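S.K.: Handing you this structure, nothing more for now.
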Amino acid sequence: MTITLEAIKSAHAKVAEMIATFEKQATTEYRVPAAAIPLASGERFAGAVLNDDGSLAHYLILLPGEKESVQWEAAREWAIEQGGDLPTRREQSLLFANVKSAFASAWYWSGEQYESNSGSAWFQYFTSGGQGYDGKDCELRAVAVRRFIPSVI
């Protein structure tokens, strides 16, 4: 292959065009607003829960304590008595990722009913992170969480 001045100028023009196109592209910047998240004694910060568009939905806090061998409805009532709720399935995934050490190797109820059968609800196994569903009359463990939404999101 013979290199010519025309070939060099042509390649240079293509590179200059690519640089100009690259410089015009908008860069994406994700800003995380500062937030002071109040934690009561024994509570653990679990992380941020995001909306589908990537914006902040809320911060998740794991409340202290857990309930063993409880059916789903009783688990929901217990979580409310603790000042929180049962976590959603997405929240359980976050708990598994960020505070797994707070859990026994056991099945824990989520606050979500199974869509196709109102007699069943979702749960998560805190050994492998797997999720499934079963009858609400099964006796599993439960934890309570609360959601913190900063005043300015």
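In the structure tokens, chains take letters A, B, ... by order of appearance, with residues numbered from 1 within each chain and ligands from 1 in the order shown.
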Could you give me, as a ChimeraX atom specification, each residue of chain A that DSSP assigns to strand (DSSP E) when run on this structure's backbone?
M.R.: /A:44-50,56-62,67-70,107-114,117-125,131-135,140-142,145-148
S.K.: Within 10 Å of A:Val143, counting only C-alpha atoms, which residues show up once you throw out same-chain ones fewer than 3 positions away? Write them as a list in words, please.
M.R.: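 Near A:Val143, the qualifying residues are Leu62, Leu63, Pro64, Gly65, Glu66, Lys67, Glu68, Ala75, Arg76, Trp78, Ala79, Gln82, Gly84, Asp85, Leu86, Pro87, Gln92, Phe103, Tyr108, Trp109 and Ser110 of chain A.
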S.K.: Could the residues in this selection be saved with C-alpha atoms as an mmCIF file, in the first residue's frame?
M.R.:
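File result29.cif, as written:
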```
data_model
loop_
_atom_site.group_PDB
_atom_site.id
_atom_site.type_symbol
_atom_site.label_atom_id
_atom_site.label_comp_id
_atom_site.auth_asym_id
_atom_site.auth_seq_id
_atom_site.Cartn_x
_atom_site.Cartn_y
_atom_site.Cartn_z
ATOM 1 C CA LEU A 62 -34.039 -1.872 57.850
ATOM 2 C CA LEU A 63 -35.712 -1.708 61.256
ATOM 3 C CA PRO A 64 -34.284 -3.734 64.139
ATOM 4 C CA GLY A 65 -35.633 -7.161 64.995
ATOM 5 C CA GLU A 66 -37.458 -9.834 63.091
ATOM 6 C CA LYS A 67 -40.395 -12.164 63.542
ATOM 7 C CA GLU A 68 -39.958 -15.931 63.166
ATOM 8 C CA ALA A 75 -46.131 -10.646 59.296
ATOM 9 C CA ARG A 76 -47.709 -7.562 57.710
ATOM 10 C CA TRP A 78 -46.147 -7.126 62.911
ATOM 11 C CA ALA A 79 -44.211 -4.905 60.468
ATOM 12 C CA GLN A 82 -42.762 -1.899 64.314
ATOM 13 C CA GLY A 84 -42.734 0.086 59.022
ATOM 14 C CA ASP A 85 -43.846 -2.326 56.320
ATOM 15 C CA LEU A 86 -42.748 -5.597 54.841
ATOM 16 C CA PRO A 87 -40.232 -4.876 52.068
ATOM 17 C CA GLN A 92 -35.575 -7.410 49.380
ATOM 18 C CA PHE A 103 -30.456 -11.955 57.946
ATOM 19 C CA TYR A 108 -38.524 -13.925 54.510
ATOM 20 C CA TRP A 109 -41.910 -12.602 53.468
ATOM 21 C CA SER A 110 -42.196 -9.654 51.108
#
```
S.K.: I need the residue nearest A:Ser69 from this list: A:Ala106, A:Val99, A:Ala13, A:Ile19. Use only C-alpha atoms for the distance.
M.R.: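 Comparing A:Ala106, A:Val99, A:Ala13, A:Ile19 against A:Ser69, the winner is A:Ala106.
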S.K.: So which residues touch stretch 120-131 of chain A within 9 Å, counting only C-alpha atoms, skipping near sequence neighbours fewer than 6 positions away, as a list in words?
M.R.: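 Those residues are Trp72, Thr88, Arg89, Gln92, Ser93, Phe96, Ala97, Lys100, Phe103, Ala104, Ser105, Ala106, Trp107, Tyr108, Trp109, Ser110, Gly111, Glu112, Gln113, Tyr114, Asp137 and Leu140 of chain A.
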S.K.: Next, dump the selected residues to file, keeping only C-alpha atoms, as a PDB file, in the first residue's frame.
M.R.:
```
ATOM      1  CA  TRP A  72     -48.078 -13.509  55.790  1.00  0.00           C
ATOM      2  CA  THR A  88     -41.188  -5.144  48.408  1.00  0.00           C
ATOM      3  CA  ARG A  89     -39.419  -7.693  46.222  1.00  0.00           C
ATOM      4  CA  GLN A  92     -35.575  -7.410  49.380  1.00  0.00           C
ATOM      5  CA  SER A  93     -33.032  -7.603  46.554  1.00  0.00           C
ATOM      6  CA  PHE A  96     -29.740  -8.993  50.128  1.00  0.00           C
ATOM      7  CA  ALA A  97     -27.108  -6.970  48.264  1.00  0.00           C
ATOM      8  CA  LYS A 100     -27.281  -9.654  53.934  1.00  0.00           C
ATOM      9  CA  PHE A 103     -30.456 -11.955  57.946  1.00  0.00           C
ATOM     10  CA  ALA A 104     -30.541 -15.607  58.892  1.00  0.00           C
ATOM     11  CA  SER A 105     -30.214 -18.144  56.078  1.00  0.00           C
ATOM     12  CA  ALA A 106     -33.977 -18.407  55.790  1.00  0.00           C
ATOM     13  CA  TRP A 107     -37.073 -17.400  53.825  1.00  0.00           C
ATOM     14  CA  TYR A 108     -38.524 -13.925  54.510  1.00  0.00           C
ATOM     15  CA  TRP A 109     -41.910 -12.602  53.468  1.00  0.00           C
ATOM     16  CA  SER A 110     -42.196  -9.654  51.108  1.00  0.00           C
ATOM     17  CA  GLY A 111     -45.146  -7.299  51.255  1.00  0.00           C
ATOM     18  CA  GLU A 112     -46.274  -8.286  47.756  1.00  0.00           C
ATOM     19  CA  GLN A 113     -49.061 -10.698  46.978  1.00  0.00           C
ATOM     20  CA  TYR A 114     -48.605 -13.053  44.054  1.00  0.00           C
ATOM     21  CA  ASP A 137     -50.524 -19.661  55.435  1.00  0.00           C
ATOM     22  CA  LEU A 140     -41.720 -17.752  57.296  1.00  0.00           C
TER      23      LEU A 140
END
```
